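K.L.:
Quick one: the structure is below, questions incoming.
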Amino acid sequence: MKLFALFLIVFLLLQVFAEALPPSDDQDSSELMDDAGIEASLRKGYHLNKKINCSYACARRCRKSSRKNVCHRACKTCCARCHCVPPGTYGNKSVCPCYAKLTTHRHQPKCP
C-alpha cells in the first residue's frame, strides 16, 4: 500500500511540473500561427503572448467588408490593444475575448 501511495505522489508531482513548463514552440516566433493552430492552443489553455502582424491579420479579417478602410483601421486599433484577431472574416470573437469586449463611446462593438 505504501508503494502505491509513493507512486501516486511521484506521478502527481511529475504532472504538476509538466503543466508548469511553457509549451514547446518548434516554429519560428516571427511566423503567424494558422487559424486552426490558434484555436487548438486556446482550447488547450495556452495563452498566446506572441506579437502578431496586425496589418496582415486585419487585411485577412476585413477582406470581405464593404468598407475596407474603416474596418481595417478599427481592426488595427483592436489588434494593437489585444494582440489578437479572431480567425475568419466575421464572428469567432469568442477566440479573442479582449477583442470582443472593446466598445465605442456609444457602447457598440468597436472591433469588426
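Chain lettering (A, B, ...) mirrors the order of the C-alpha cells, residue numbering begins at 1 for each chain separately, and ligand numbering begins at 1 in order of display.
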Write out as a PDB file with C-alpha atoms, in the first residue's frame which residues come within 8 Å of range 61-69 of chain A when counting only C-alpha atoms, dropping same-chain ones fewer than 2 positions away.

P.N.:
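Saved file selection.pdb follows:
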```pdb
ATOM      1  CA  ALA A  57      -4.346  39.748 -39.722  1.00  0.00           C
ATOM      2  CA  CYS A  58      -6.664  42.724 -40.242  1.00  0.00           C
ATOM      3  CA  ALA A  59      -6.368  42.556 -44.020  1.00  0.00           C
ATOM      4  CA  CYS A  71     -12.809  48.025 -40.985  1.00  0.00           C
ATOM      5  CA  HIS A  72      -9.017  47.882 -41.302  1.00  0.00           C
ATOM      6  CA  ARG A  73      -8.494  50.984 -39.134  1.00  0.00           C
ATOM      7  CA  VAL A  85      -7.548  38.992 -34.179  1.00  0.00           C
ATOM      8  CA  PRO A  86     -10.273  36.332 -34.480  1.00  0.00           C
ATOM      9  CA  PRO A  87      -9.995  33.914 -37.403  1.00  0.00           C
ATOM     10  CA  GLY A  88     -12.261  34.287 -40.408  1.00  0.00           C
ATOM     11  CA  THR A  89     -13.957  37.350 -41.846  1.00  0.00           C
ATOM     12  CA  TYR A  90     -16.863  37.579 -39.387  1.00  0.00           C
ATOM     13  CA  PRO A 112     -15.119  44.222 -36.712  1.00  0.00           C
TER      14      PRO A 112
END
```

K.L.:
Just want the 8 Å neighbourhood of His83 in chain A, counted on only C-alpha atoms, with same-chain residues fewer than 2 positions away dropped. Output as a VMD selection string.

P.N.:
chain A and resid 49 to 52 54 78 to 81 85

K.L.:
Would you compute the distance between CA of Cys84 in chain A and CA of Cys98 in chain A? Give it in Å to one decimal.

P.N.:
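Going from CA of Cys84 in chain A over to CA of Cys98 in chain A, I get 8.1 Å.
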
K.L.:
CA of Arg60 in chain A and CA of Lys76 in chain A, how far apart in Å?

P.N.:
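Answer for the CA of Lys76 in chain A to CA of Arg60 in chain A separation: 11.6 Å.
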
K.L.:
Any idea what the distance is between CA of Cys111 in chain A and CA of Cys75 in chain A?

P.N.:
5.6 Å
